[in-house]
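**Q** Structure file input14.cif (mmCIF, C-alpha atoms, pLDDT in the B column; chains and numbers go by the auth columns) right here:
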data_protein
loop_
_atom_site.group_PDB
_atom_site.id
_atom_site.type_symbol
_atom_site.label_atom_id
_atom_site.label_comp_id
_atom_site.label_asym_id
_atom_site.label_seq_id
_atom_site.Cartn_x
_atom_site.Cartn_y
_atom_site.Cartn_z
_atom_site.B_iso_or_equiv
_atom_site.auth_seq_id
_atom_site.auth_asym_id
ATOM 1 C CA MET A 1 -12.567 -169.264 -73.002 67.00 1051 J
ATOM 2 C CA ARG A 2 -8.983 -170.371 -72.422 71.00 1052 J
ATOM 3 C CA MET A 3 -9.820 -173.923 -73.496 71.00 1053 J
ATOM 4 C CA TRP A 4 -11.290 -172.560 -76.764 70.00 1054 J
ATOM 5 C CA THR A 5 -8.136 -170.529 -77.397 73.00 1055 J
ATOM 6 C CA GLU A 6 -5.906 -173.553 -76.841 70.00 1056 J
ATOM 7 C CA LEU A 7 -8.081 -175.668 -79.122 68.00 1057 J
ATOM 8 C CA CYS A 8 -7.978 -172.950 -81.776 74.00 1058 J
ATOM 9 C CA ASN A 9 -4.178 -172.753 -81.589 69.00 1059 J
ATOM 10 C CA LYS A 10 -3.797 -176.530 -81.854 73.00 1060 J
ATOM 11 C CA PHE A 11 -6.176 -176.803 -84.784 73.00 1061 J
ATOM 12 C CA LEU A 12 -4.528 -173.983 -86.736 73.00 1062 J
ATOM 13 C CA SER A 13 -1.086 -175.401 -86.053 71.00 1063 J
ATOM 14 C CA LEU A 14 -2.051 -178.860 -87.213 74.00 1064 J
ATOM 15 C CA LEU A 15 -3.730 -177.507 -90.330 75.00 1065 J
ATOM 16 C CA LEU A 16 -0.755 -175.341 -91.226 72.00 1066 J
ATOM 17 C CA PHE A 17 1.632 -178.198 -90.532 71.00 1067 J
ATOM 18 C CA GLN A 18 -0.236 -180.701 -92.708 74.00 1068 J
ATOM 19 C CA VAL A 19 -0.939 -178.381 -95.624 76.00 1069 J
ATOM 20 C CA THR A 20 2.584 -176.960 -95.691 77.00 1070 J
ATOM 21 C CA LEU A 21 4.400 -180.273 -95.469 82.00 1071 J
ATOM 22 C CA LEU A 22 2.190 -182.235 -97.831 86.00 1072 J
ATOM 23 C CA GLY A 23 2.409 -179.493 -100.427 87.00 1073 J
ATOM 24 C CA ALA A 24 6.167 -179.245 -99.966 87.00 1074 J
ATOM 25 C CA TRP A 25 6.642 -182.990 -100.486 90.00 1075 J
ATOM 26 C CA LYS A 26 4.580 -182.927 -103.697 92.00 1076 J
ATOM 27 C CA ASP A 27 6.444 -179.853 -104.961 92.00 1077 J
ATOM 28 C CA ILE A 28 9.826 -181.421 -104.242 92.00 1078 J
ATOM 29 C CA MET A 29 8.948 -184.639 -106.034 92.00 1079 J
ATOM 30 C CA GLU A 30 7.509 -182.838 -109.064 94.00 1080 J
ATOM 31 C CA ALA A 31 10.256 -180.247 -109.397 94.00 1081 J
ATOM 32 C CA ASN A 32 13.045 -182.777 -108.934 92.00 1082 J
ATOM 33 C CA ALA A 33 11.587 -185.853 -110.590 94.00 1083 J
ATOM 34 C CA ASP A 34 15.014 -187.053 -111.749 96.00 1084 J
ATOM 35 C CA ASP A 35 16.613 -186.798 -108.294 95.00 1085 J
ATOM 36 C CA THR A 36 17.134 -189.688 -105.922 95.00 1086 J
ATOM 37 C CA LEU A 37 15.123 -190.383 -102.803 94.00 1087 J
ATOM 38 C CA LYS A 38 18.094 -189.222 -100.742 96.00 1088 J
ATOM 39 C CA GLU A 39 18.047 -185.834 -102.490 96.00 1089 J
ATOM 40 C CA TRP A 40 14.277 -185.536 -102.011 94.00 1090 J
ATOM 41 C CA LEU A 41 14.596 -186.327 -98.312 95.00 1091 J
ATOM 42 C CA THR A 42 17.413 -183.831 -97.874 95.00 1092 J
ATOM 43 C CA GLU A 43 15.315 -181.075 -99.372 94.00 1093 J
ATOM 44 C CA TYR A 44 12.254 -182.204 -97.415 93.00 1094 J
ATOM 45 C CA TYR A 45 14.272 -182.107 -94.193 94.00 1095 J
ATOM 46 C CA ASP A 46 15.048 -178.453 -94.903 92.00 1096 J
ATOM 47 C CA GLN A 47 11.307 -177.844 -95.302 88.00 1097 J
ATOM 48 C CA LEU A 48 10.571 -179.651 -92.033 88.00 1098 J
ATOM 49 C CA LEU A 49 13.071 -177.475 -90.216 89.00 1099 J
ATOM 50 C CA SER A 50 11.620 -174.328 -91.741 85.00 1100 J
ATOM 51 C CA THR A 51 8.110 -175.407 -90.763 81.00 1101 J
ATOM 52 C CA TRP A 52 9.240 -176.155 -87.235 83.00 1102 J
ATOM 53 C CA HIS A 53 10.648 -172.641 -86.950 83.00 1103 J
ATOM 54 C CA ALA A 54 7.332 -171.235 -88.209 78.00 1104 J
ATOM 55 C CA GLU A 55 5.473 -173.298 -85.596 75.00 1105 J
ATOM 56 C CA VAL A 56 7.688 -171.991 -82.821 77.00 1106 J
ATOM 57 C CA TRP A 57 7.071 -168.441 -84.010 76.00 1107 J
ATOM 58 C CA PHE A 58 3.330 -169.064 -84.292 69.00 1108 J
ATOM 59 C CA HIS A 59 3.077 -170.313 -80.732 67.00 1109 J
ATOM 60 C CA SER A 60 5.325 -167.660 -79.290 73.00 1110 J
ATOM 61 C CA PHE A 61 3.059 -164.875 -80.584 69.00 1111 J
ATOM 62 C CA LYS A 62 -0.247 -166.724 -80.009 61.00 1112 J
ATOM 63 C CA ILE A 63 -2.166 -165.914 -83.175 53.00 1113 J
ATOM 64 C CA CYS A 64 -5.484 -166.792 -81.501 53.00 1114 J
ATOM 65 C CA LYS A 65 -6.105 -164.194 -78.802 53.00 1115 J
ATOM 66 C CA HIS A 66 -7.516 -165.003 -75.368 48.00 1116 J
#
Take the structure in the file and write it out as structure tokens.
**A**
Amino acid sequence: MRMWTELCNKFLSLLLFQVTLLGAWKDIMEANADDTLKEWLTEYYDQLLSTWHAEVWFHSFKICKH
């Protein structure tokens, strides 16, 4: 059962990570089409940091129960 829980946590984390970051990159590029790549990357870095914090929170509370 523990292996299933760990697999569940990893899958959900990866899914959240990919969906959140891909969507954020597209949103940044569309909303700021006239900005430079440097400005896009700066804003994307903020999103990466925010997502990392969400991941830490997710794992600290273990959404998938044992």
**Q** Considering all atoms listed in the file, return as a list in words whatever protein or nucleic-acid residues lie within 9 Å of stretch 1098-1103 of chain J, sequence-local ones (same chain, fewer than 4 positions apart) excluded.
**A** Leu1066, Phe1067, Thr1070, Leu1071, Glu1093, Tyr1094, Trp1107 and Phe1108 of chain J
**Q** State, in Å with one decimal place, the distance from atom CA of J:Tyr1095 to atom CA of J:Trp1075.
**A**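 The value is 9.9 Å.
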**Q** Which of these residues is nearest to J:Thr1092, using all atoms listed in the file: J:Trp1054, J:Ser1063, J:Met1079, J:Gln1068?
**A**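 Going through J:Trp1054, J:Ser1063, J:Met1079, J:Gln1068 one by one, the smallest distance to J:Thr1092 is for J:Met1079.
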**Q** In Å, with one decimal, what is the gap from atom CA of J:Met1053 to atom CA of J:Glu1105?
**A**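 Computing it gives 19.5 Å between the two atoms.
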**Q** Counting all atoms listed in the file, figure out which residue out of J:Gly1073, J:Leu1065, J:Asn1082, J:Glu1056 gets nearest to J:Gln1097.
**A**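 Checking each of J:Gly1073, J:Leu1065, J:Asn1082, J:Glu1056 against J:Gln1097, counting all atoms listed in the file, the winner is J:Gly1073.
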**Q** For atom CA of J:Asp1096 and atom CA of J:Ile1078, quote the distance in Å rounded to one decimal.
**A**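 We find that atom CA of J:Asp1096 and atom CA of J:Ile1078 lie 11.1 Å from each other.
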**Q** Using all atoms listed in the file, which residue out of J:Arg1052, J:Trp1090, J:Ser1110, J:Lys1060 lies closest to J:Asp1077?
**A**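 Under the stated criterion, the closest residue is J:Trp1090.
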**Q** Work out where the centre of an axis-aligned box around every listed atom of stretch 1079-1082 of chain J lies and how long its edges are once 6 Å is added on each side; give both in Å to one decimal as JSON.
**A**
{"center_x": 10.3, "center_y": -182.4, "center_z": -107.7, "size_x": 17.5, "size_y": 16.4, "size_z": 15.4}
**Q** Using the incomplete input, complete stretch 1084-1101 of chain J to the level of N, CA, C and O atoms; output as a JSON list (two decimals), in the frame of the given file.
**A**
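rebuild_31.json written:
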[["chain", "number", "residue", "atom", "x", "y", "z"],
["J", 1084, "ASP", "N", 13.86, -186.22, -111.39],
["J", 1084, "ASP", "CA", 15.01, -187.05, -111.75],
["J", 1084, "ASP", "C", 15.98, -187.28, -110.59],
["J", 1084, "ASP", "O", 16.93, -188.04, -110.73],
["J", 1085, "ASP", "N", 15.73, -186.64, -109.45],
["J", 1085, "ASP", "CA", 16.61, -186.80, -108.29],
["J", 1085, "ASP", "C", 16.36, -188.13, -107.58],
["J", 1085, "ASP", "O", 15.36, -188.79, -107.80],
["J", 1086, "THR", "N", 17.27, -188.46, -106.70],
["J", 1086, "THR", "CA", 17.13, -189.69, -105.92],
["J", 1086, "THR", "C", 16.30, -189.43, -104.67],
["J", 1086, "THR", "O", 16.08, -188.28, -104.29],
["J", 1087, "LEU", "N", 15.88, -190.50, -104.04],
["J", 1087, "LEU", "CA", 15.12, -190.38, -102.80],
["J", 1087, "LEU", "C", 15.95, -189.64, -101.74],
["J", 1087, "LEU", "O", 15.41, -188.81, -101.00],
["J", 1088, "LYS", "N", 17.23, -189.90, -101.71],
["J", 1088, "LYS", "CA", 18.09, -189.22, -100.74],
["J", 1088, "LYS", "C", 18.06, -187.70, -100.95],
["J", 1088, "LYS", "O", 17.99, -186.94, -99.99],
["J", 1089, "GLU", "N", 18.10, -187.27, -102.19],
["J", 1089, "GLU", "CA", 18.05, -185.83, -102.49],
["J", 1089, "GLU", "C", 16.69, -185.24, -102.13],
["J", 1089, "GLU", "O", 16.60, -184.14, -101.60],
["J", 1090, "TRP", "N", 15.61, -185.99, -102.39],
["J", 1090, "TRP", "CA", 14.28, -185.54, -102.01],
["J", 1090, "TRP", "C", 14.19, -185.36, -100.50],
["J", 1090, "TRP", "O", 13.67, -184.37, -100.01],
["J", 1091, "LEU", "N", 14.68, -186.37, -99.77],
["J", 1091, "LEU", "CA", 14.60, -186.33, -98.31],
["J", 1091, "LEU", "C", 15.44, -185.21, -97.72],
["J", 1091, "LEU", "O", 15.04, -184.59, -96.73],
["J", 1092, "THR", "N", 16.58, -184.94, -98.34],
["J", 1092, "THR", "CA", 17.41, -183.83, -97.87],
["J", 1092, "THR", "C", 16.68, -182.51, -98.02],
["J", 1092, "THR", "O", 16.64, -181.69, -97.09],
["J", 1093, "GLU", "N", 16.06, -182.31, -99.16],
["J", 1093, "GLU", "CA", 15.32, -181.08, -99.37],
["J", 1093, "GLU", "C", 14.08, -181.01, -98.48],
["J", 1093, "GLU", "O", 13.73, -179.97, -97.93],
["J", 1094, "TYR", "N", 13.43, -182.16, -98.28],
["J", 1094, "TYR", "CA", 12.25, -182.20, -97.42],
["J", 1094, "TYR", "C", 12.64, -181.92, -95.96],
["J", 1094, "TYR", "O", 11.89, -181.25, -95.24],
["J", 1095, "TYR", "N", 13.79, -182.40, -95.54],
["J", 1095, "TYR", "CA", 14.27, -182.11, -94.19],
["J", 1095, "TYR", "C", 14.41, -180.60, -94.00],
["J", 1095, "TYR", "O", 14.03, -180.07, -92.95],
["J", 1096, "ASP", "N", 14.94, -179.91, -94.99],
["J", 1096, "ASP", "CA", 15.05, -178.45, -94.90],
["J", 1096, "ASP", "C", 13.67, -177.82, -94.73],
["J", 1096, "ASP", "O", 13.49, -176.88, -93.96],
["J", 1097, "GLN", "N", 12.67, -178.35, -95.43],
["J", 1097, "GLN", "CA", 11.31, -177.84, -95.30],
["J", 1097, "GLN", "C", 10.75, -178.13, -93.91],
["J", 1097, "GLN", "O", 10.07, -177.29, -93.32],
["J", 1098, "LEU", "N", 11.02, -179.31, -93.39],
["J", 1098, "LEU", "CA", 10.57, -179.65, -92.03],
["J", 1098, "LEU", "C", 11.15, -178.68, -91.01],
["J", 1098, "LEU", "O", 10.44, -178.21, -90.12],
["J", 1099, "LEU", "N", 12.41, -178.40, -91.14],
["J", 1099, "LEU", "CA", 13.07, -177.48, -90.22],
["J", 1099, "LEU", "C", 12.46, -176.08, -90.32],
["J", 1099, "LEU", "O", 12.18, -175.44, -89.30],
["J", 1100, "SER", "N", 12.23, -175.63, -91.53],
["J", 1100, "SER", "CA", 11.62, -174.33, -91.74],
["J", 1100, "SER", "C", 10.22, -174.28, -91.14],
["J", 1100, "SER", "O", 9.83, -173.30, -90.50],
["J", 1101, "THR", "N", 9.46, -175.34, -91.31],
["J", 1101, "THR", "CA", 8.11, -175.41, -90.76],
["J", 1101, "THR", "C", 8.15, -175.42, -89.24],
["J", 1101, "THR", "O", 7.33, -174.78, -88.58]]
